[in-house]
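Dropping target-v6.csv in here (CSV, C-alpha atoms):
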```
chain,number,residue,atom,x,y,z
A,1,MET,CA,171.4,121.3,91.0
A,2,SER,CA,169.5,124.3,92.4
A,3,PRO,CA,166.5,125.9,90.7
A,4,MET,CA,168.6,129.1,90.2
A,5,ASP,CA,171.1,127.1,88.0
A,6,LYS,CA,168.2,125.8,85.8
A,7,ARG,CA,166.9,129.3,85.2
A,8,THR,CA,170.3,130.7,84.5
A,9,ARG,CA,171.0,127.9,82.0
A,10,PHE,CA,167.6,128.6,80.3
A,11,TRP,CA,168.3,132.3,79.8
A,12,ILE,CA,171.8,131.6,78.5
A,13,ILE,CA,170.5,129.1,76.0
A,14,LEU,CA,167.6,131.4,75.0
A,15,PHE,CA,170.0,134.3,74.5
A,16,ALA,CA,172.4,132.2,72.5
A,17,ALA,CA,169.6,130.9,70.2
A,18,LEU,CA,168.3,134.5,69.6
A,19,LEU,CA,171.9,135.6,68.8
A,20,LEU,CA,172.3,132.8,66.3
A,21,LEU,CA,168.9,133.5,64.7
A,22,CYS,CA,169.6,137.2,64.4
A,23,GLY,CA,173.1,136.5,63.0
A,24,GLY,CA,171.8,134.1,60.5
A,25,ALA,CA,169.1,136.5,59.3
A,26,TYR,CA,171.7,139.3,58.9
A,27,PHE,CA,174.0,136.9,57.0
A,28,LEU,CA,171.2,136.0,54.5
A,29,LEU,CA,169.8,139.5,54.1
A,30,SER,CA,173.2,141.1,53.6
A,31,GLY,CA,174.1,138.8,50.7
A,32,GLY,CA,175.4,135.8,52.6
A,33,ILE,CA,175.6,132.7,50.5
A,34,LEU,CA,173.9,134.3,47.5
A,35,GLY,CA,176.6,137.0,47.2
A,36,THR,CA,176.1,140.7,47.1
A,37,GLY,CA,173.6,140.6,44.3
A,38,MET,CA,173.5,139.9,40.6
A,39,VAL,CA,172.3,142.7,38.3
A,40,ALA,CA,171.5,142.0,34.6
A,41,ASP,CA,172.5,145.0,32.4
A,42,ILE,CA,170.6,145.1,29.1
A,43,TYR,CA,172.2,147.2,26.4
A,44,VAL,CA,170.6,148.1,23.1
A,45,LYS,CA,172.9,149.7,20.5
A,46,ASN,CA,175.5,150.3,23.2
A,47,GLU,CA,173.1,152.2,25.4
A,48,LEU,CA,171.8,151.0,28.8
A,49,TYR,CA,168.2,149.9,28.3
A,50,GLU,CA,167.4,148.4,31.7
A,51,LYS,CA,169.1,147.1,34.9
A,52,ILE,CA,167.4,144.2,36.7
A,53,ASP,CA,168.4,142.9,40.1
A,54,LEU,CA,168.0,139.1,39.5
A,55,ASN,CA,168.0,138.3,43.3
A,56,THR,CA,164.8,140.4,43.8
A,57,VAL,CA,162.8,138.7,41.1
A,58,VAL,CA,160.0,136.8,42.7
A,59,ILE,CA,157.6,136.3,39.8
A,60,PRO,CA,159.1,135.4,36.4
A,61,ARG,CA,158.2,137.8,33.6
A,62,GLU,CA,158.8,138.3,29.9
A,63,PHE,CA,159.1,141.5,28.0
A,64,ASP,CA,160.0,142.5,24.4
A,65,ILE,CA,162.9,144.6,23.4
A,66,LYS,CA,161.7,146.2,20.1
A,67,THR,CA,164.1,148.2,17.9
A,68,ASP,CA,164.1,149.2,14.3
A,69,LEU,CA,166.4,146.1,13.8
A,70,GLY,CA,163.9,143.5,15.3
A,71,THR,CA,162.4,142.2,18.5
A,72,ASP,CA,163.9,140.0,21.2
A,73,THR,CA,161.7,138.5,24.0
A,74,VAL,CA,163.5,138.4,27.3
A,75,ARG,CA,162.6,136.1,30.2
A,76,VAL,CA,163.6,137.1,33.7
A,77,GLU,CA,163.5,134.6,36.7
A,78,HIS,CA,165.0,134.6,40.1
A,79,GLY,CA,168.8,134.6,39.6
A,80,ARG,CA,168.8,134.1,35.8
A,81,ILE,CA,167.9,135.7,32.5
A,82,ALA,CA,167.5,134.6,28.9
A,83,VAL,CA,166.4,135.6,25.4
A,84,VAL,CA,163.6,133.1,24.7
A,85,ALA,CA,162.5,134.4,21.3
A,86,ALA,CA,163.9,136.6,18.6
A,87,ASP,CA,163.0,137.4,15.0
A,88,CYS,CA,166.7,137.2,13.8
A,89,ARG,CA,167.8,134.5,11.5
A,90,ASP,CA,170.7,132.9,13.4
A,91,GLN,CA,168.8,132.5,16.8
A,92,ILE,CA,172.2,132.2,18.7
A,93,CYS,CA,170.9,134.4,21.5
A,94,VAL,CA,167.9,132.1,21.9
A,95,HIS,CA,169.9,128.9,21.8
A,96,GLN,CA,172.3,130.2,24.5
A,97,GLY,CA,169.6,129.8,27.1
A,98,PHE,CA,169.7,131.2,30.6
A,99,ILE,CA,172.8,132.9,32.1
A,100,VAL,CA,173.1,132.8,35.8
A,101,GLY,CA,176.3,134.8,36.6
A,102,PRO,CA,179.0,137.0,35.4
A,103,GLY,CA,181.0,135.6,32.5
A,104,VAL,CA,179.6,135.0,29.0
A,105,PRO,CA,176.9,137.6,28.0
A,106,ILE,CA,173.9,137.0,25.8
A,107,VAL,CA,174.5,138.8,22.5
A,108,CYS,CA,172.1,139.3,19.6
A,109,LEU,CA,174.2,140.9,17.0
A,110,PRO,CA,171.5,141.4,14.4
A,111,HIS,CA,169.5,143.5,16.9
A,112,GLN,CA,172.5,144.9,18.7
A,113,VAL,CA,171.3,143.7,22.1
A,114,VAL,CA,173.7,142.6,24.8
A,115,ILE,CA,172.7,141.2,28.2
A,116,GLN,CA,175.4,140.7,30.8
A,117,ILE,CA,175.4,140.0,34.5
A,118,GLU,CA,177.5,141.8,37.0
A,119,GLY,CA,178.0,140.8,40.6
A,120,ASP,CA,178.7,137.6,42.5
A,121,ASN,CA,177.3,134.2,41.6
```
Please render this file's structure as structure tokens.
Amino acid sequence: MSPMDKRTRFWIILFAALLLLCGGAYFLLSGGILGTGMVADIYVKNELYEKIDLNTVVIPREFDIKTDLGTDTVRVEHGRIAVVAADCRDQICVHQGFIVGPGVPIVCLPHQVVIQIEGDN
């Protein structure tokens, strides 16, 4: 095998590796395995309170939704959301735990709070 064949093979392998690396990065950044994104829509009294892109959450956080009907404490983590505390009597929203995709929303009827996820899971 001549030295020219070794150099040609090296450049072909290097180009193929870079192509695979760039393709993989594009696949992951464009949604890839994780889907196109999951957005949690939070409604209070049938009005949009906040939209949260769950795929972009890096640091978990908690915040309160305070209304004249009561207070719900919401926890947001990467890819999931939950009501972790509420001052309503039934606590159904708290016992539901985290939701991670479209389907069953979190509903706090006494406070008229609904959290639902739209997008791919």
Residue nearest Pro102 (chain A) among A:Arg9, A:Gly24, A:Ala40, A:Ala82 (counting all atoms listed in the file):
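Closest to Pro102 (chain A), using all atoms listed in the file: A:Ala40.
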Residue with smallest distance to Val44 (chain A) - pool A:Gly70, A:Gly23, A:Gly103, A:Gly119, counting only C-alpha atoms:
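For Val44 (chain A), the nearest of the candidates is A:Gly70.
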Would you mind reading off the distance between CA of Gly37 (chain A) and CA of Cys93 (chain A), one decimal, in Å?
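A separation of 23.8 Å between them.
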At what distance in Å, to one decimal, does CA of Pro60 (chain A) lie from CA of Val113 (chain A)?
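Separating CA of Val113 (chain A) from CA of Pro60 (chain A) is a distance of 20.5 Å.
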Nearest residue to Ile106 (chain A) from the set A:Asp68, A:Thr73, A:Ile42, A:Arg61 (distances using all atoms listed in the file)
A:Ile42
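For the atom pair formed by CA of Cys108 (chain A) and CA of Val58 (chain A), the distance is 26.2 Å, given to one decimal.
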Could you tell me which of A:Leu69, A:Val104, A:Val76, A:Leu14 comes closest to Lys51 (chain A) if we count only C-alpha atoms?
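Closest residue, counting only C-alpha atoms: A:Val76.
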Give me the residues within 9 Å of Arg80 (chain A) as a ChimeraX atom specification, counting only C-alpha atoms and dropping any in the same chain fewer than 3 places off.
/A:38,40,54-55,75-77,98-101,117
Rank A:Ile115, A:Asp90, A:Tyr49, A:Trp11 by their smallest atom-to-atom distance to Lys66 (chain A), using only C-alpha atoms, and report the top residue only.
A:Tyr49
Given all atoms listed in the file as the basis, pick out the residue of A:Val94, A:Ala86, A:Ile52, A:His111 nearest to Thr67 (chain A).
A:His111
